[in-house]
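Colleague: Structure file input20.txt (compact mmCIF, N, CA and C atoms) is given on the next line.
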# COMPACT_ATOMS: atom_id res chain seq x y z
N LEU A 1 86.66 111.66 126.90
CA LEU A 1 85.45 111.90 127.64
C LEU A 1 84.25 111.15 127.01
N PHE A 2 84.05 111.34 125.68
CA PHE A 2 82.93 110.68 125.01
C PHE A 2 83.33 109.37 124.34
N ASP A 3 84.58 109.19 124.07
CA ASP A 3 85.06 108.01 123.35
C ASP A 3 85.13 106.82 124.31
N GLU A 4 84.01 106.14 124.46
CA GLU A 4 83.93 105.05 125.43
C GLU A 4 84.73 103.83 125.05
N ASP A 5 84.80 103.52 123.76
CA ASP A 5 85.54 102.31 123.35
C ASP A 5 86.99 102.63 122.99
N LYS A 6 87.42 103.85 123.19
CA LYS A 6 88.82 104.30 123.01
C LYS A 6 89.38 103.97 121.62
N ASP A 7 88.54 104.17 120.58
CA ASP A 7 89.02 103.91 119.22
C ASP A 7 89.33 105.21 118.48
N PHE A 8 89.37 106.34 119.18
CA PHE A 8 89.69 107.66 118.65
C PHE A 8 88.65 108.16 117.65
N GLN A 9 87.45 107.64 117.74
CA GLN A 9 86.34 108.10 116.91
C GLN A 9 85.12 108.24 117.80
N ILE A 10 84.46 109.38 117.66
CA ILE A 10 83.25 109.60 118.44
C ILE A 10 82.06 109.34 117.52
N THR A 11 81.23 108.40 117.87
CA THR A 11 80.06 108.06 117.06
C THR A 11 78.81 108.69 117.67
N TYR A 12 77.77 108.65 116.91
CA TYR A 12 76.49 109.18 117.36
C TYR A 12 76.02 108.43 118.61
N LYS A 13 76.23 107.14 118.62
CA LYS A 13 75.83 106.29 119.74
C LYS A 13 76.55 106.71 121.02
N GLU A 14 77.81 107.09 120.89
CA GLU A 14 78.57 107.52 122.07
C GLU A 14 78.14 108.90 122.54
N LEU A 15 77.77 109.79 121.60
CA LEU A 15 77.34 111.14 121.98
C LEU A 15 75.93 111.13 122.58
N PHE A 16 75.04 110.36 121.98
CA PHE A 16 73.64 110.34 122.40
C PHE A 16 73.20 108.91 122.69
N PRO A 17 73.58 108.35 123.81
CA PRO A 17 73.23 106.95 124.09
C PRO A 17 71.73 106.74 124.30
N ASP A 18 71.00 107.77 124.70
CA ASP A 18 69.56 107.62 124.95
C ASP A 18 68.74 107.63 123.66
N ASP A 19 69.29 108.16 122.57
CA ASP A 19 68.55 108.30 121.32
C ASP A 19 68.61 107.06 120.43
N ILE A 20 69.29 106.04 120.83
CA ILE A 20 69.46 104.87 119.98
C ILE A 20 68.14 104.12 119.86
N VAL A 21 67.77 103.80 118.62
CA VAL A 21 66.55 103.05 118.35
C VAL A 21 66.80 101.59 118.65
N ALA A 22 65.83 100.94 119.26
CA ALA A 22 66.00 99.54 119.67
C ALA A 22 66.18 98.61 118.48
N GLU A 23 65.36 98.76 117.45
CA GLU A 23 65.49 97.87 116.30
C GLU A 23 65.90 98.68 115.07
N PRO A 24 66.67 98.11 114.18
CA PRO A 24 67.12 98.85 113.00
C PRO A 24 65.95 99.15 112.06
N ARG A 25 66.11 100.23 111.30
CA ARG A 25 65.07 100.61 110.36
C ARG A 25 65.09 99.66 109.16
N PRO A 26 63.94 99.29 108.64
CA PRO A 26 63.91 98.37 107.51
C PRO A 26 64.34 99.06 106.22
N GLU A 27 64.81 98.28 105.27
CA GLU A 27 65.14 98.80 103.96
C GLU A 27 63.84 99.19 103.24
N THR A 28 63.94 99.91 102.17
CA THR A 28 62.76 100.42 101.49
C THR A 28 61.78 99.33 101.04
N PRO A 29 62.23 98.28 100.35
CA PRO A 29 61.25 97.26 99.95
C PRO A 29 60.54 96.62 101.14
N ASP A 30 61.30 96.36 102.22
CA ASP A 30 60.70 95.77 103.41
C ASP A 30 59.70 96.73 104.06
N PHE A 31 60.08 98.00 104.09
CA PHE A 31 59.18 99.00 104.67
C PHE A 31 57.88 99.07 103.88
N CYS A 32 57.97 99.06 102.55
CA CYS A 32 56.76 99.12 101.71
C CYS A 32 55.86 97.92 101.97
N ARG A 33 56.45 96.74 102.06
CA ARG A 33 55.66 95.54 102.34
C ARG A 33 54.96 95.64 103.69
N GLN A 34 55.70 96.08 104.70
CA GLN A 34 55.11 96.22 106.03
C GLN A 34 53.99 97.27 106.02
N TYR A 35 54.21 98.35 105.34
CA TYR A 35 53.22 99.43 105.29
C TYR A 35 51.93 98.95 104.64
N LEU A 36 52.08 98.25 103.52
CA LEU A 36 50.90 97.77 102.82
C LEU A 36 50.13 96.74 103.63
N ARG A 37 50.82 95.93 104.41
CA ARG A 37 50.15 94.94 105.23
C ARG A 37 49.44 95.58 106.42
N GLN A 38 50.05 96.59 107.02
CA GLN A 38 49.52 97.20 108.24
C GLN A 38 48.36 98.14 107.96
N LYS A 39 48.46 98.91 106.92
CA LYS A 39 47.48 99.97 106.68
C LYS A 39 46.39 99.51 105.72
N LYS A 40 45.20 99.94 106.00
CA LYS A 40 44.14 99.81 105.01
C LYS A 40 44.09 101.18 104.35
N TYR A 41 44.64 101.27 103.19
CA TYR A 41 44.76 102.56 102.54
C TYR A 41 43.78 102.65 101.38
N GLU A 42 43.49 103.87 101.02
CA GLU A 42 42.55 104.13 99.94
C GLU A 42 43.24 105.06 98.96
N ILE A 43 43.18 104.72 97.70
CA ILE A 43 43.82 105.56 96.69
C ILE A 43 42.93 106.78 96.47
N LYS A 44 43.51 107.94 96.70
CA LYS A 44 42.77 109.18 96.55
C LYS A 44 43.22 109.89 95.28
N HIS A 45 42.28 110.53 94.64
CA HIS A 45 42.60 111.31 93.45
C HIS A 45 43.03 112.70 93.90
N GLY A 46 43.77 113.37 93.05
CA GLY A 46 44.18 114.74 93.35
C GLY A 46 42.98 115.66 93.42
N ALA A 47 43.13 116.74 94.15
CA ALA A 47 42.04 117.70 94.31
C ALA A 47 41.68 118.36 92.98
N TRP A 48 42.59 118.38 92.03
CA TRP A 48 42.34 119.01 90.74
C TRP A 48 41.62 118.06 89.78
N GLU A 49 41.51 116.79 90.13
CA GLU A 49 40.84 115.83 89.28
C GLU A 49 39.39 115.67 89.72
N PRO A 50 38.47 115.52 88.77
CA PRO A 50 37.08 115.30 89.17
C PRO A 50 36.92 113.96 89.86
N SER A 51 36.12 113.94 90.91
CA SER A 51 35.98 112.71 91.69
C SER A 51 34.93 111.76 91.12
N ASN A 52 34.01 112.29 90.29
CA ASN A 52 33.00 111.41 89.70
C ASN A 52 32.63 111.91 88.31
N ALA A 53 31.76 111.20 87.65
CA ALA A 53 31.39 111.52 86.27
C ALA A 53 30.63 112.85 86.18
N GLU A 54 29.83 113.17 87.19
CA GLU A 54 29.07 114.42 87.16
C GLU A 54 30.00 115.64 87.19
N GLU A 55 31.00 115.59 88.04
CA GLU A 55 31.97 116.70 88.09
C GLU A 55 32.71 116.83 86.77
N ARG A 56 33.11 115.69 86.21
CA ARG A 56 33.82 115.70 84.93
C ARG A 56 32.94 116.33 83.85
N TRP A 57 31.65 115.96 83.85
CA TRP A 57 30.73 116.51 82.87
C TRP A 57 30.56 118.02 83.06
N ALA A 58 30.45 118.46 84.31
CA ALA A 58 30.29 119.88 84.60
C ALA A 58 31.50 120.68 84.13
N ILE A 59 32.70 120.14 84.34
CA ILE A 59 33.92 120.83 83.92
C ILE A 59 33.97 120.93 82.39
N GLU A 60 33.62 119.83 81.72
CA GLU A 60 33.62 119.84 80.26
C GLU A 60 32.57 120.80 79.71
N ALA A 61 31.40 120.86 80.35
CA ALA A 61 30.35 121.78 79.91
C ALA A 61 30.80 123.23 80.08
N GLN A 62 31.49 123.53 81.20
CA GLN A 62 31.99 124.89 81.41
C GLN A 62 33.01 125.26 80.35
N ALA A 63 33.90 124.32 80.04
CA ALA A 63 34.91 124.59 79.02
C ALA A 63 34.27 124.83 77.66
N GLN A 64 33.26 124.04 77.34
CA GLN A 64 32.57 124.22 76.07
C GLN A 64 31.85 125.56 76.03
N ASP A 65 31.22 125.95 77.13
CA ASP A 65 30.54 127.25 77.19
C ASP A 65 31.53 128.39 77.01
N ARG A 66 32.67 128.29 77.67
CA ARG A 66 33.69 129.34 77.51
C ARG A 66 34.16 129.42 76.07
N GLY A 67 34.34 128.27 75.42
CA GLY A 67 34.77 128.25 74.03
C GLY A 67 33.73 128.88 73.11
N GLU A 68 32.47 128.58 73.37
CA GLU A 68 31.39 129.17 72.57
C GLU A 68 31.30 130.66 72.78
N GLU A 69 31.46 131.11 74.03
CA GLU A 69 31.43 132.55 74.31
C GLU A 69 32.58 133.27 73.61
N ALA A 70 33.76 132.65 73.63
CA ALA A 70 34.92 133.26 72.98
C ALA A 70 34.71 133.34 71.47
N ALA A 71 34.15 132.28 70.88
CA ALA A 71 33.89 132.29 69.43
C ALA A 71 32.87 133.37 69.08
N GLU A 72 31.84 133.51 69.92
CA GLU A 72 30.83 134.54 69.68
C GLU A 72 31.44 135.94 69.78
N LYS A 73 32.31 136.12 70.78
CA LYS A 73 32.98 137.42 70.95
C LYS A 73 33.88 137.75 69.75
N ARG A 74 34.63 136.74 69.27
CA ARG A 74 35.48 136.96 68.10
C ARG A 74 34.65 137.34 66.88
N LYS A 75 33.52 136.67 66.71
CA LYS A 75 32.63 136.96 65.58
C LYS A 75 32.12 138.40 65.67
N TRP A 76 31.72 138.80 66.88
CA TRP A 76 31.25 140.18 67.08
C TRP A 76 32.35 141.18 66.78
N MET A 77 33.58 140.90 67.26
CA MET A 77 34.70 141.82 67.04
C MET A 77 34.99 141.96 65.54
N ARG A 78 34.99 140.83 64.83
CA ARG A 78 35.28 140.85 63.39
C ARG A 78 34.23 141.66 62.64
N SER A 79 32.95 141.39 62.93
CA SER A 79 31.89 142.10 62.20
C SER A 79 31.88 143.59 62.56
N THR A 80 32.12 143.91 63.81
CA THR A 80 32.15 145.32 64.22
C THR A 80 33.31 146.05 63.57
N MET A 81 34.47 145.42 63.51
CA MET A 81 35.63 146.04 62.85
C MET A 81 35.31 146.32 61.38
N ARG A 82 34.73 145.33 60.70
CA ARG A 82 34.38 145.52 59.28
C ARG A 82 33.39 146.67 59.12
N ARG A 83 32.36 146.67 59.95
CA ARG A 83 31.33 147.70 59.86
C ARG A 83 31.91 149.10 60.09
N LEU A 84 32.78 149.23 61.10
CA LEU A 84 33.37 150.54 61.39
C LEU A 84 34.32 150.99 60.28
N LYS A 85 35.11 150.04 59.76
CA LYS A 85 36.07 150.39 58.70
C LYS A 85 35.33 150.79 57.42
N THR A 86 34.22 150.12 57.11
CA THR A 86 33.46 150.50 55.90
C THR A 86 32.81 151.86 56.06
N ARG A 87 32.57 152.29 57.30
CA ARG A 87 32.01 153.62 57.55
C ARG A 87 33.10 154.69 57.61
N GLY A 88 34.37 154.28 57.42
CA GLY A 88 35.45 155.25 57.35
C GLY A 88 36.11 155.57 58.67
N LYS A 89 35.89 154.78 59.66
CA LYS A 89 36.52 155.04 60.97
C LYS A 89 38.00 154.66 60.90
N SER A 90 38.81 155.36 61.69
CA SER A 90 40.25 155.09 61.71
C SER A 90 40.54 153.82 62.51
N ASP A 91 41.77 153.32 62.33
CA ASP A 91 42.17 152.12 63.06
C ASP A 91 42.12 152.34 64.57
N ALA A 92 42.58 153.52 65.01
CA ALA A 92 42.60 153.82 66.45
C ALA A 92 41.18 153.85 67.01
N ARG A 93 40.24 154.43 66.27
CA ARG A 93 38.84 154.49 66.72
C ARG A 93 38.25 153.07 66.80
N CYS A 94 38.52 152.25 65.77
CA CYS A 94 38.03 150.87 65.77
C CYS A 94 38.59 150.10 66.96
N ARG A 95 39.87 150.31 67.24
CA ARG A 95 40.51 149.62 68.36
C ARG A 95 39.87 150.02 69.68
N GLU A 96 39.58 151.30 69.84
CA GLU A 96 38.96 151.76 71.09
C GLU A 96 37.55 151.21 71.27
N VAL A 97 36.81 151.08 70.15
CA VAL A 97 35.44 150.59 70.25
C VAL A 97 35.41 149.08 70.47
N VAL A 98 36.20 148.36 69.69
CA VAL A 98 36.14 146.90 69.72
C VAL A 98 36.92 146.32 70.89
N ALA A 99 38.08 146.87 71.18
CA ALA A 99 38.94 146.32 72.22
C ALA A 99 39.00 147.28 73.41
N ALA A 100 37.87 147.49 74.04
CA ALA A 100 37.79 148.43 75.15
C ALA A 100 38.59 147.96 76.36
N HIS A 101 38.88 146.68 76.42
CA HIS A 101 39.65 146.14 77.55
C HIS A 101 41.13 146.46 77.45
N LEU A 102 41.59 146.90 76.27
CA LEU A 102 43.00 147.24 76.08
C LEU A 102 43.22 148.71 76.41
N PRO A 103 44.47 149.07 76.81
CA PRO A 103 44.73 150.48 77.12
C PRO A 103 44.67 151.35 75.87
N ARG A 104 44.33 152.59 76.08
CA ARG A 104 44.27 153.53 74.95
C ARG A 104 45.66 154.01 74.60
N GLY A 105 45.81 154.44 73.37
CA GLY A 105 47.10 154.93 72.91
C GLY A 105 47.43 156.30 73.47
N THR A 106 48.73 156.64 73.45
CA THR A 106 49.16 157.96 73.93
C THR A 106 49.91 158.72 72.84
N GLY A 107 49.89 158.18 71.63
CA GLY A 107 50.63 158.79 70.54
C GLY A 107 49.89 159.96 69.91
N ALA A 108 50.36 160.32 68.72
CA ALA A 108 49.76 161.45 68.00
C ALA A 108 48.31 161.15 67.66
N LYS A 109 47.51 162.20 67.58
CA LYS A 109 46.09 162.02 67.26
C LYS A 109 45.92 161.80 65.77
N ASP A 110 44.98 160.94 65.41
CA ASP A 110 44.71 160.70 64.00
C ASP A 110 43.67 161.69 63.50
N ARG A 111 43.13 161.46 62.31
CA ARG A 111 42.21 162.44 61.71
C ARG A 111 40.89 162.59 62.47
N GLU A 112 40.57 161.62 63.31
CA GLU A 112 39.34 161.70 64.11
C GLU A 112 39.61 162.21 65.52
N GLY A 113 40.85 162.52 65.85
CA GLY A 113 41.20 163.05 67.16
C GLY A 113 41.42 161.97 68.21
N VAL A 114 41.67 160.74 67.78
CA VAL A 114 41.91 159.64 68.70
C VAL A 114 43.42 159.39 68.77
N ASN A 115 43.95 159.26 69.99
CA ASN A 115 45.38 158.99 70.15
C ASN A 115 45.71 157.61 69.58
N THR A 116 46.79 157.56 68.81
CA THR A 116 47.21 156.28 68.22
C THR A 116 48.05 155.49 69.21
N PHE A 117 48.16 154.20 68.96
CA PHE A 117 48.92 153.28 69.81
C PHE A 117 50.33 153.20 69.24
N THR A 118 51.32 153.70 69.97
CA THR A 118 52.69 153.77 69.47
C THR A 118 53.51 152.56 69.89
N LYS A 119 54.73 152.49 69.38
CA LYS A 119 55.64 151.40 69.76
C LYS A 119 56.02 151.49 71.24
N LEU A 120 56.10 152.70 71.75
CA LEU A 120 56.38 152.89 73.18
C LEU A 120 55.24 152.33 74.03
N ASP A 121 53.99 152.58 73.59
CA ASP A 121 52.83 152.02 74.29
C ASP A 121 52.89 150.49 74.27
N LEU A 122 53.24 149.94 73.14
CA LEU A 122 53.35 148.49 73.00
C LEU A 122 54.41 147.94 73.96
N LYS A 123 55.56 148.61 74.01
CA LYS A 123 56.63 148.17 74.89
C LYS A 123 56.20 148.22 76.35
N THR A 124 55.49 149.29 76.74
CA THR A 124 55.01 149.44 78.10
C THR A 124 54.00 148.34 78.45
N CYS A 125 53.09 148.05 77.51
CA CYS A 125 52.09 147.00 77.75
C CYS A 125 52.76 145.64 77.92
N ARG A 126 53.73 145.36 77.06
CA ARG A 126 54.43 144.07 77.16
C ARG A 126 55.15 143.95 78.49
N LYS A 127 55.80 145.02 78.93
CA LYS A 127 56.53 144.99 80.20
C LYS A 127 55.55 144.78 81.36
N THR A 128 54.46 145.51 81.35
CA THR A 128 53.46 145.38 82.41
C THR A 128 52.92 143.95 82.47
N TYR A 129 52.60 143.40 81.30
CA TYR A 129 52.06 142.05 81.24
C TYR A 129 53.09 141.02 81.75
N SER A 130 54.34 141.13 81.30
CA SER A 130 55.35 140.17 81.74
C SER A 130 55.63 140.30 83.24
N ASP A 131 55.55 141.51 83.78
CA ASP A 131 55.73 141.69 85.24
C ASP A 131 54.58 141.03 86.02
N GLU A 132 53.37 141.14 85.49
CA GLU A 132 52.23 140.50 86.16
C GLU A 132 52.33 138.99 86.12
N VAL A 133 52.77 138.47 84.98
CA VAL A 133 52.88 137.01 84.82
C VAL A 133 54.02 136.45 85.65
N ASN A 134 55.13 137.13 85.65
CA ASN A 134 56.31 136.64 86.39
C ASN A 134 56.27 137.21 87.76
The structure in this file should be written as structure tokens.

Modeller:
Amino acid sequence: LFDEDKDFQITYKELFPDDIVAEPRPETPDFCRQYLRQKKYEIKHGAWEPSNAEERWAIEAQAQDRGEEAAEKRKWMRSTMRRLKTRGKSDARCREVVAAHLPRGTGAKDREGVNTFTKLDLKTCRKTYSDEVN
């Protein structure tokens, strides 16, 4: 029925005679040459790359500001920890004051009545963090 040339093989051309392209497709090097000749193309930078010097400068300035803020925060944390420890505060109390962004402990209370951070708390925090990242 479909085997027009009776060679016992049905080809795409025999199944779909209307879909045949008039001229063969060029090989890759030929296609690239034709494309470059036909198109006036413009090399575009990625959206994540700065398009000019001003944007690049703004990104670098933001990074420097963030670095300075982080250094200032570390300095504050270090000095506050020292100050609290010299006043006799417990490790758990210092952690709650300095690292307020971290979860509080659920372990036994220390001499100041602050719950300590246990290994179970650590395991839970690690699991939560890895679940958020992955």

Colleague: Between CA of Ala71 (chain A) and CA of Asp121 (chain A), what is the distance, to one decimal in Å?

Modeller: 27.8 Å

Colleague: If I take CA of Ala61 (chain A) and CA of Ala47 (chain A), how far is one from the other in Å, to one decimal?

Modeller: 19.0 Å

Colleague: Could you work out how far atom C of Gly46 (chain A) lies from atom C of Arg66 (chain A), giving the answer in Å with one decimal?

Modeller: 23.8 Å

Colleague: Going by DSSP on the backbone, which bits of chain A are alpha helix (DSSP H)? Write them as an NGL selection string, please.

Modeller: :A and (12-15 or 28-38 or 53-86 or 91-98 or 119-133)

Colleague: Only N, CA, C and O atoms needed: put region 74-91 of chain A from the block into a file as a compact mmCIF listing (two decimals), in the first residue's frame.

Modeller:
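File written: decode-v3.txt
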# COMPACT_ATOMS: atom_id res chain seq x y z
N ARG A 74 30.35 41.43 63.00
CA ARG A 74 31.24 40.48 63.68
C ARG A 74 31.97 41.15 64.84
O ARG A 74 32.12 40.58 65.92
N LYS A 75 32.42 42.38 64.62
CA LYS A 75 33.13 43.12 65.67
C LYS A 75 32.19 43.34 66.86
O LYS A 75 32.58 43.17 68.02
N TRP A 76 30.95 43.73 66.57
CA TRP A 76 29.97 43.94 67.65
C TRP A 76 29.71 42.65 68.41
O TRP A 76 29.65 42.64 69.64
N MET A 77 29.55 41.53 67.67
CA MET A 77 29.29 40.24 68.31
C MET A 77 30.45 39.84 69.22
O MET A 77 30.24 39.39 70.36
N ARG A 78 31.68 40.01 68.73
CA ARG A 78 32.86 39.64 69.51
C ARG A 78 32.95 40.47 70.79
O ARG A 78 33.14 39.93 71.89
N SER A 79 32.79 41.79 70.65
CA SER A 79 32.90 42.65 71.84
C SER A 79 31.76 42.39 72.83
O SER A 79 31.98 42.38 74.04
N THR A 80 30.57 42.16 72.32
CA THR A 80 29.43 41.89 73.21
C THR A 80 29.62 40.57 73.94
O THR A 80 29.33 40.48 75.15
N MET A 81 30.10 39.56 73.24
CA MET A 81 30.36 38.26 73.90
C MET A 81 31.38 38.43 75.02
O MET A 81 31.19 37.93 76.13
N ARG A 82 32.46 39.14 74.73
CA ARG A 82 33.49 39.37 75.76
C ARG A 82 32.91 40.11 76.96
O ARG A 82 33.17 39.75 78.12
N ARG A 83 32.16 41.16 76.68
CA ARG A 83 31.58 41.97 77.75
C ARG A 83 30.63 41.14 78.62
O ARG A 83 30.68 41.20 79.85
N LEU A 84 29.78 40.33 77.99
CA LEU A 84 28.83 39.51 78.75
C LEU A 84 29.55 38.42 79.56
O LEU A 84 29.18 38.15 80.71
N LYS A 85 30.56 37.80 78.94
CA LYS A 85 31.30 36.74 79.65
C LYS A 85 32.07 37.30 80.84
O LYS A 85 32.15 36.66 81.89
N THR A 86 32.63 38.51 80.70
CA THR A 86 33.36 39.10 81.84
C THR A 86 32.41 39.48 82.96
O THR A 86 32.82 39.58 84.10
N ARG A 87 31.13 39.70 82.64
CA ARG A 87 30.14 40.01 83.67
C ARG A 87 29.54 38.75 84.28
O ARG A 87 28.63 38.82 85.09
N GLY A 88 30.01 37.57 83.81
CA GLY A 88 29.59 36.31 84.41
C GLY A 88 28.36 35.69 83.79
O GLY A 88 27.74 34.80 84.39
N LYS A 89 27.99 36.11 82.63
CA LYS A 89 26.81 35.52 81.97
C LYS A 89 27.17 34.14 81.42
O LYS A 89 28.30 33.88 81.03
N SER A 90 26.18 33.27 81.37
CA SER A 90 26.41 31.91 80.86
C SER A 90 26.49 31.92 79.34
O SER A 90 26.10 32.88 78.67
N ASP A 91 27.01 30.81 78.81
CA ASP A 91 27.13 30.69 77.36
C ASP A 91 25.76 30.78 76.68
O ASP A 91 25.61 31.41 75.63
